[in-house]
Amino acid sequence: PVSDLNWQIHGTADFNGDQQTDLLWRNDSTGENAVWLMNGTEPNRGVLIQSELANSKWKILGAGDFDGDKNADVLWLDTENQNVYYWRMAGTDYIESVFVNNAPLDDTWKFQGVMDFDKNGYDDIFWSNTVDGKTGMWMMNENGYDRPVIAESVDLSWEGHA
């Protein structure tokens, strides 16, 4: 249990390569970020991510391997200018911030999750439109953002998360 309720889970991924899903935490009050390295359902240890400070304009979207290096990275949205970045990570060590793309221009598009849809070794970014039911993916490759793919509309009563 976490006694400080400002700490919230914002993603899951394997940050240390042990084939266990770890928990990505953010303290929305201080801007601190941390990873709980897990062993099944038990945390082994918590690690603060030493990085540039992400202030309140930054929102963690999730985690995935966006550069194909087998290390989990942290996906961010700059809520002021709607740019999407990821933190390139080496385990729990921050390496650098990498620009991905401008977020969809209107707020009807919502981030849903990450998954390697085209099986090329790079996690892609999944979005859905809450008005017309369209879904879309930002396909990633060795050069970063590659292209958007818009899928057919889905019934708006469905709720999906990757």
# chains A, B, ... in the order shown; residues from 1 in each chain; ligands from 1

$ residues_around --residues "segment 36-38 of chain A" --least-positions-apart "6" --cutoff "7 Å" --atoms "only C-alpha atoms" --output "PyMOL selection string"
chain A and resi 20-24+44-47

$ select_by_dssp --residues "segment 37-129 of chain A" --states "strand (DSSP E or B)" --output "compact mmCIF listing (two decimals) with N, CA and C atoms, in the first residue's frame"
# COMPACT_ATOMS: atom_id res chain seq x y z
N LEU A 37 9.65 -2.59 -9.11
CA LEU A 37 10.09 -3.82 -9.76
C LEU A 37 9.40 -4.97 -9.04
N MET A 38 8.63 -5.74 -9.80
CA MET A 38 7.75 -6.74 -9.22
C MET A 38 8.30 -8.15 -9.37
N ASN A 39 7.86 -9.02 -8.46
CA ASN A 39 8.06 -10.45 -8.55
C ASN A 39 6.67 -11.05 -8.41
N GLU A 42 4.22 -9.38 -5.82
CA GLU A 42 4.98 -8.75 -4.74
C GLU A 42 6.02 -7.78 -5.28
N PRO A 43 6.07 -6.56 -4.75
CA PRO A 43 7.14 -5.64 -5.17
C PRO A 43 8.48 -6.07 -4.57
N ASN A 44 9.53 -6.14 -5.42
CA ASN A 44 10.89 -6.41 -4.93
C ASN A 44 11.50 -5.15 -4.36
N ARG A 45 11.40 -4.03 -5.12
CA ARG A 45 11.93 -2.76 -4.65
C ARG A 45 11.38 -1.63 -5.52
N GLY A 46 11.40 -0.44 -4.97
CA GLY A 46 10.99 0.74 -5.71
C GLY A 46 12.21 1.54 -6.13
N VAL A 47 12.16 2.08 -7.34
CA VAL A 47 13.28 2.85 -7.88
C VAL A 47 12.76 4.19 -8.39
N LEU A 48 13.29 5.30 -7.85
CA LEU A 48 12.95 6.62 -8.39
C LEU A 48 13.64 6.79 -9.73
N TRP A 58 2.63 17.78 -17.91
CA TRP A 58 2.95 16.48 -18.50
C TRP A 58 2.07 15.39 -17.90
N LYS A 59 1.53 14.55 -18.76
CA LYS A 59 0.68 13.44 -18.33
C LYS A 59 1.27 12.14 -18.87
N ILE A 60 1.50 11.17 -17.99
CA ILE A 60 1.95 9.85 -18.45
C ILE A 60 0.78 9.17 -19.14
N LEU A 61 1.01 8.72 -20.38
CA LEU A 61 -0.01 7.95 -21.09
C LEU A 61 0.15 6.46 -20.81
N GLY A 62 1.38 5.98 -20.76
CA GLY A 62 1.61 4.56 -20.53
C GLY A 62 3.06 4.22 -20.71
N ALA A 63 3.33 2.94 -20.92
CA ALA A 63 4.70 2.46 -21.10
C ALA A 63 4.73 1.39 -22.17
N GLY A 64 5.83 1.32 -22.90
CA GLY A 64 6.02 0.31 -23.93
C GLY A 64 7.42 0.45 -24.50
N ASP A 73 9.90 1.97 -22.22
CA ASP A 73 10.00 3.42 -22.26
C ASP A 73 8.71 4.01 -21.69
N VAL A 74 8.73 5.29 -21.34
CA VAL A 74 7.56 5.95 -20.75
C VAL A 74 6.99 6.93 -21.75
N LEU A 75 5.68 6.79 -22.07
CA LEU A 75 5.00 7.63 -23.05
C LEU A 75 4.33 8.80 -22.34
N TRP A 76 4.56 10.03 -22.87
CA TRP A 76 4.09 11.26 -22.24
C TRP A 76 3.28 12.11 -23.22
N LEU A 77 2.32 12.85 -22.68
CA LEU A 77 1.59 13.88 -23.42
C LEU A 77 1.86 15.22 -22.75
N ASP A 78 2.32 16.20 -23.54
CA ASP A 78 2.44 17.58 -23.07
C ASP A 78 1.06 18.20 -23.27
N ASN A 83 1.82 17.71 -27.72
CA ASN A 83 2.89 16.89 -28.30
C ASN A 83 3.06 15.63 -27.47
N VAL A 84 3.37 14.54 -28.15
CA VAL A 84 3.61 13.26 -27.50
C VAL A 84 5.11 12.96 -27.58
N TYR A 85 5.68 12.56 -26.47
CA TYR A 85 7.09 12.20 -26.35
C TYR A 85 7.18 10.85 -25.65
N TYR A 86 8.34 10.22 -25.74
CA TYR A 86 8.61 9.13 -24.82
C TYR A 86 9.97 9.33 -24.20
N TRP A 87 10.09 8.83 -22.97
CA TRP A 87 11.39 8.79 -22.32
C TRP A 87 12.06 7.50 -22.72
N ARG A 88 13.18 7.60 -23.43
CA ARG A 88 13.97 6.41 -23.74
C ARG A 88 14.62 5.97 -22.43
N MET A 89 14.42 4.72 -22.09
CA MET A 89 14.90 4.19 -20.83
C MET A 89 15.88 3.05 -21.08
N ALA A 90 16.77 2.84 -20.13
CA ALA A 90 17.63 1.65 -20.05
C ALA A 90 17.35 1.05 -18.68
N ASP A 93 16.71 3.53 -15.75
CA ASP A 93 17.51 4.73 -15.97
C ASP A 93 16.98 5.53 -17.16
N TYR A 94 16.72 6.81 -16.93
CA TYR A 94 16.29 7.73 -17.98
C TYR A 94 17.49 8.05 -18.87
N ILE A 95 17.30 7.96 -20.20
CA ILE A 95 18.36 8.29 -21.15
C ILE A 95 18.11 9.65 -21.80
N GLU A 96 16.93 9.81 -22.42
CA GLU A 96 16.61 11.06 -23.10
C GLU A 96 15.12 11.11 -23.42
N SER A 97 14.65 12.31 -23.74
CA SER A 97 13.27 12.52 -24.17
C SER A 97 13.24 12.56 -25.69
N VAL A 98 12.30 11.81 -26.29
CA VAL A 98 12.22 11.68 -27.75
C VAL A 98 10.83 12.12 -28.22
N PHE A 99 10.79 13.08 -29.16
CA PHE A 99 9.52 13.53 -29.73
C PHE A 99 8.93 12.43 -30.60
N VAL A 100 7.62 12.17 -30.45
CA VAL A 100 6.93 11.17 -31.28
C VAL A 100 6.12 11.87 -32.36
N ASN A 101 5.13 12.67 -31.95
CA ASN A 101 4.23 13.31 -32.90
C ASN A 101 3.32 14.26 -32.13
N ASN A 102 2.59 15.10 -32.86
CA ASN A 102 1.53 15.90 -32.25
C ASN A 102 0.34 14.99 -31.99
N TRP A 109 -10.32 12.35 -29.54
CA TRP A 109 -9.41 11.20 -29.63
C TRP A 109 -8.79 10.95 -28.27
N LYS A 110 -8.89 9.73 -27.78
CA LYS A 110 -8.36 9.36 -26.46
C LYS A 110 -7.33 8.25 -26.61
N PHE A 111 -6.25 8.38 -25.86
CA PHE A 111 -5.24 7.33 -25.80
C PHE A 111 -5.85 6.09 -25.16
N GLN A 112 -5.58 4.92 -25.74
CA GLN A 112 -6.12 3.68 -25.20
C GLN A 112 -5.06 2.70 -24.73
N GLY A 113 -3.89 2.71 -25.35
CA GLY A 113 -2.87 1.76 -24.91
C GLY A 113 -1.77 1.61 -25.94
N VAL A 114 -0.86 0.69 -25.66
CA VAL A 114 0.24 0.40 -26.57
C VAL A 114 0.33 -1.10 -26.81
N MET A 115 0.75 -1.45 -28.01
CA MET A 115 0.92 -2.84 -28.39
C MET A 115 1.66 -2.86 -29.72
N ASP A 124 3.34 0.16 -30.83
CA ASP A 124 2.56 1.18 -31.52
C ASP A 124 1.60 1.81 -30.52
N ILE A 125 1.06 2.97 -30.86
CA ILE A 125 0.22 3.74 -29.95
C ILE A 125 -1.21 3.73 -30.47
N PHE A 126 -2.14 3.29 -29.62
CA PHE A 126 -3.53 3.07 -30.00
C PHE A 126 -4.42 4.19 -29.47
N TRP A 127 -5.25 4.77 -30.37
CA TRP A 127 -6.17 5.86 -30.04
C TRP A 127 -7.59 5.45 -30.43
N SER A 128 -8.58 6.03 -29.79
CA SER A 128 -9.97 5.85 -30.23
C SER A 128 -10.69 7.19 -30.18
N ASN A 129 -11.67 7.33 -31.08
CA ASN A 129 -12.47 8.55 -31.14
C ASN A 129 -13.78 8.30 -30.41

$ residues_around --residues "Glu142 of chain A" --least-positions-apart "5" --cutoff "9 Å" --atoms "only C-alpha atoms" --output "PyMOL selection string"
chain A and resi 66-68+121-122

$ closest_residue --among "A:Lys134, A:Lys57, A:Arg147, A:Lys70" --to "Gly31 of chain A" --atoms "only C-alpha atoms"
A:Lys57

$ residues_around --residues "Trp25 of chain A" --least-positions-apart "4" --cutoff "7 Å" --atoms "only C-alpha atoms" --output "JSON, numbers by chain"
{"A": [7, 8, 9, 10, 33, 34, 35]}
